[in-house]
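Asks: Below is a structure I'd like to ask you about.
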Amino acid sequence: MTQTTGADTPRSPFMAEVKDAVTPRATLLMIGTVALALLFITSYVGALHDPKPKDVPFGVVAPQAAAQQAVTRLQNLPGDPLNPRSLPDPATARAQILNREIDGALLIDPRGTTDTLLVATGGGRVLATTLENLVTALEKSEARTLRTVDVAAADPHDANGLTSFYLTVGWCVGGYLCASIMTISSGARRPTTKRSVIRLIAMAVVALVGGLGGALIVGPILDALPGSIAALWGLGALIIFAVGATTLAFQAIFGLAGIGLVILIIVILGNPSAGGALPPPLLPPFWRDIGPALPPGAGTWATRSIAYFNGNDMTASLLVLSAWAAAGIAITLLAATMRGKARTPAPTATAGP
């Protein structure tokens with residue numbers, strides 16, 4: 001009687017169908033996708049679920065004794081919502097708000113009972129409202145009244161000052177999707193140096209077209225955002241190219257898995273920390289710290305500066321975006337060059353006579 005070994009036992013038809021329907025590679029991709037989804041939930045809810053002002057740069061204008069009294073009182077507020085400083089006059093307060101050095105200022109009238117709060121809804125309506133509510137409560141506790149003056153008002157068609165954020169997100173999405181399409185179209189093959197150069201040039205063309213298109217849509221077409229079309233075009237082109245070059249760099253190192261890493265950095269970490277839905281002073285520490293260093297945060301800050309603050313305080317954001325673009329170019333080309341050298345066969349030695 002012939003005995004059969006375990007290796008000879010036929011596979012269950014059902015298990016065979018399962019393996020054909022969900023391959024091991026697909027299983028790994030599904031696990032990675034679920035992980036990204038959970039990280040998405042964690043990041044967005046963690047950043048946005050409980051906004052609290054923390055160390056908001058804030059000015060106080062009053063006679064010397066009253067100013068110091070007010071600064072001390074604001075410094076001692078529970079939870080440290082404000083980082084107050086004494087300013088010499090209302091003109092300085094306005095200038096510092098427009099230069100994005102402070103987010104608001106209280107002008108105390110020593111001869112009356114009505115004080116003035118300066119805010120800038122162009123930097124985020126939620127932050128301006130938070131400051132107004134906070135200072136109004138303080139004024140009421142001292143039997144004083146408050147009037148609010150918006151020195152950098154958001155456009156009437158820019159609901160809640162979010163157009164800058166949505167525009168930046170659109171540019172970021174265009175950058176990583178176009179780079180991903182070029183990557184996916186060639187399968188899992190790593191790019192050669194020549195192919196990498198061509199893709200970077202293609203990304204530059206996409207960036208110029210997408211940057212102009214975004215600037216025209218939010219400007220003359222929808223009238224949703226003020227500011228120079230040329231400046232927004234240049235910024236949009238830089239954002240798209242920076243994100244696209246970063247995507248190509250990650251793909252050059254990690255293959256198709258690099259696209260997932262870009263989504264982690266740009267979408268999962270970058271978008272909630274960008275200061276769009278909640279300006280930076282209202283974000284928890286982790287998101288507030290990483291936001292300015294990521295393309296969505298740098299882009300949103302620079303877009304708002306162009307639209308509402310005369311282009312002030314953009315240097316750091318432009319340097320961040322330029323660094324992502326330069327690093328993307330360098331890593332993409334270096335990885336392709338190193339791979340090309342590794343694949344080049346060594347010359348075969350010929351035997352002598």
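Ordered as shown in the structure tokens, chains take letters A, B, and onward, while each chain numbers its residues from 1 and ligands are numbered from 1 in the order shown.
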Just the residues within 8 Å of range 158-171 of chain A, please, counting only C-alpha atoms, with nothing from its chain fewer than 6 positions along; format it as a list in words.
Replies: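 Residues meeting the cut-off are Thr121, Gly122, Gly123, Gly124, Arg125, Val126, Gly210, Gly211, Gly214, Val218, Ala224, Leu225, Gly236, Ile239, Ile240, Asn271, Ala274, Gly275, Gly276, Ala277, Pro296, Gly299, Thr300, Thr303 and Arg304 of chain A.
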Asks: Wanna dump the range 241-329 of chain A-range 75-82 of chain A contacts at 12 Å for me, each residue with its shortest atom pair and the distance in Å to one decimal, counting only C-alpha atoms, ordered by chain and number, as a tab-separated table?
Replies:
```
residue	atom	partner	partner_atom	distance
A:Pro281	CA	A:Pro81	CA	8.7
A:Leu282	CA	A:Pro81	CA	9.1
A:Leu283	CA	A:Pro81	CA	11.7
```
Asks: Would you mind writing down, as an NGL selection string, each residue of range 112-269 of chain A that DSSP on the backbone assigns to alpha helix (DSSP H)?
Replies: :A and (125-141 or 163-185 or 193-216 or 229-254 or 257-262)
Asks: So that I can see what lies close to Ile41 in chain A, please list as JSON, numbers by chain the residues with an atom at most 12 Å from it, counting only C-alpha atoms and leaving out residues fewer than 6 positions away in the same chain.
Replies: {"A": [34, 35, 47, 48, 49, 264, 267, 268, 269, 272]}
Asks: Can I get the selection written as a CSV table (one decimal), in the first residue's frame, with C-alpha atoms?
Replies:
```
chain,number,residue,atom,x,y,z
A,34,VAL,CA,-4.2,50.1,6.3
A,35,ALA,CA,-1.2,51.4,8.3
A,47,ALA,CA,-3.6,67.9,15.2
A,48,LEU,CA,-7.1,69.3,14.8
A,49,HIS,CA,-9.4,67.9,17.5
A,264,LEU,CA,3.1,59.8,4.7
A,267,VAL,CA,-0.4,64.2,3.2
A,268,ILE,CA,-0.4,62.5,6.6
A,269,LEU,CA,2.1,64.7,8.3
A,272,PRO,CA,-2.7,68.8,9.2
```
Asks: Using only C-alpha atoms, which of A:Pro279, A:Gly244, A:Pro284, A:Pro292 sits nearest Gly328 in chain A?
Replies: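 The closest residue to Gly328 in chain A is A:Gly244.
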Asks: May I have the residues within 12 Å of Ile181 in chain A as a list in words, using only C-alpha atoms and disregarding those fewer than 6 positions away in the same chain?
Replies: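 The neighbour list is Val173, Gly174, Gly175, Gly187, Arg199, Ala202, Met203, Gly244, Thr247, Leu248, Gln251, Leu256 and Ile259 of chain A.
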Asks: Pull N, CA and C atoms from the residues just selected and write them as a short mmCIF file (atom, residue, chain, number, x, y, z; two decimals), in the first residue's frame.
Replies:
```cif
data_model
loop_
_atom_site.label_atom_id
_atom_site.label_comp_id
_atom_site.auth_asym_id
_atom_site.auth_seq_id
_atom_site.Cartn_x
_atom_site.Cartn_y
_atom_site.Cartn_z
N VAL A 173 -0.57 68.00 -4.36
CA VAL A 173 -1.17 66.81 -4.96
C VAL A 173 -0.72 66.67 -6.41
N GLY A 174 -0.72 67.77 -7.15
CA GLY A 174 -0.26 67.72 -8.54
C GLY A 174 1.18 67.25 -8.64
N GLY A 175 2.03 67.69 -7.70
CA GLY A 175 3.43 67.30 -7.73
C GLY A 175 3.63 65.82 -7.53
N GLY A 187 6.57 50.56 -14.15
CA GLY A 187 6.57 49.38 -13.28
C GLY A 187 7.56 49.54 -12.15
N ARG A 199 12.67 62.87 -16.56
CA ARG A 199 11.54 63.02 -15.64
C ARG A 199 11.60 64.32 -14.86
N ALA A 202 10.49 66.97 -17.17
CA ALA A 202 9.04 66.88 -17.31
C ALA A 202 8.34 67.49 -16.08
N MET A 203 8.89 67.24 -14.89
CA MET A 203 8.30 67.81 -13.68
C MET A 203 8.40 69.34 -13.69
N GLY A 244 7.27 67.02 -6.47
CA GLY A 244 7.52 66.04 -7.54
C GLY A 244 8.92 65.48 -7.49
N THR A 247 9.24 63.07 -4.68
CA THR A 247 8.62 61.78 -5.02
C THR A 247 9.55 60.94 -5.88
N LEU A 248 10.17 61.55 -6.88
CA LEU A 248 11.11 60.82 -7.74
C LEU A 248 12.31 60.32 -6.94
N GLN A 251 11.24 57.31 -4.90
CA GLN A 251 11.06 56.16 -5.79
C GLN A 251 12.41 55.61 -6.23
N LEU A 256 8.53 51.49 -5.83
CA LEU A 256 7.14 51.94 -5.73
C LEU A 256 6.73 52.25 -4.30
N ILE A 259 6.40 55.93 -3.04
CA ILE A 259 5.19 56.74 -3.18
C ILE A 259 4.43 56.77 -1.86
#
```
Asks: What does the structure give for the distance between CA of Pro13 in chain A and CA of Ile31 in chain A, in Å to one decimal?
Replies: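 Taking CA of Pro13 in chain A as the start and CA of Ile31 in chain A as the end point, the length is 24.8 Å.
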Asks: Between CA of Leu261 in chain A and CA of Ala336 in chain A, what is the distance in Å, rounded to a tenth?
Replies: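 These atoms are spaced 18.8 Å apart.
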Asks: Which residues are close to Gln64 in chain A, i.e. within 10 Å by only C-alpha atoms, leaving aside same-chain residues fewer than 3 positions away? Reply as JSON, numbers by chain.
Replies: {"A": [61, 67, 68, 69, 70, 86, 87, 88]}
Asks: Select, from A:Ile221, A:Leu127, A:Ile253, A:Gly234, the residue with the minimum atom-to-atom distance to Pro51 in chain A, counting only C-alpha atoms.
Replies: A:Leu127
Asks: So what do you get for CA of Pro90 in chain A versus CA of Arg144 in chain A, distance-wise?
Replies: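 Distance between the two atoms: 19.1 Å.
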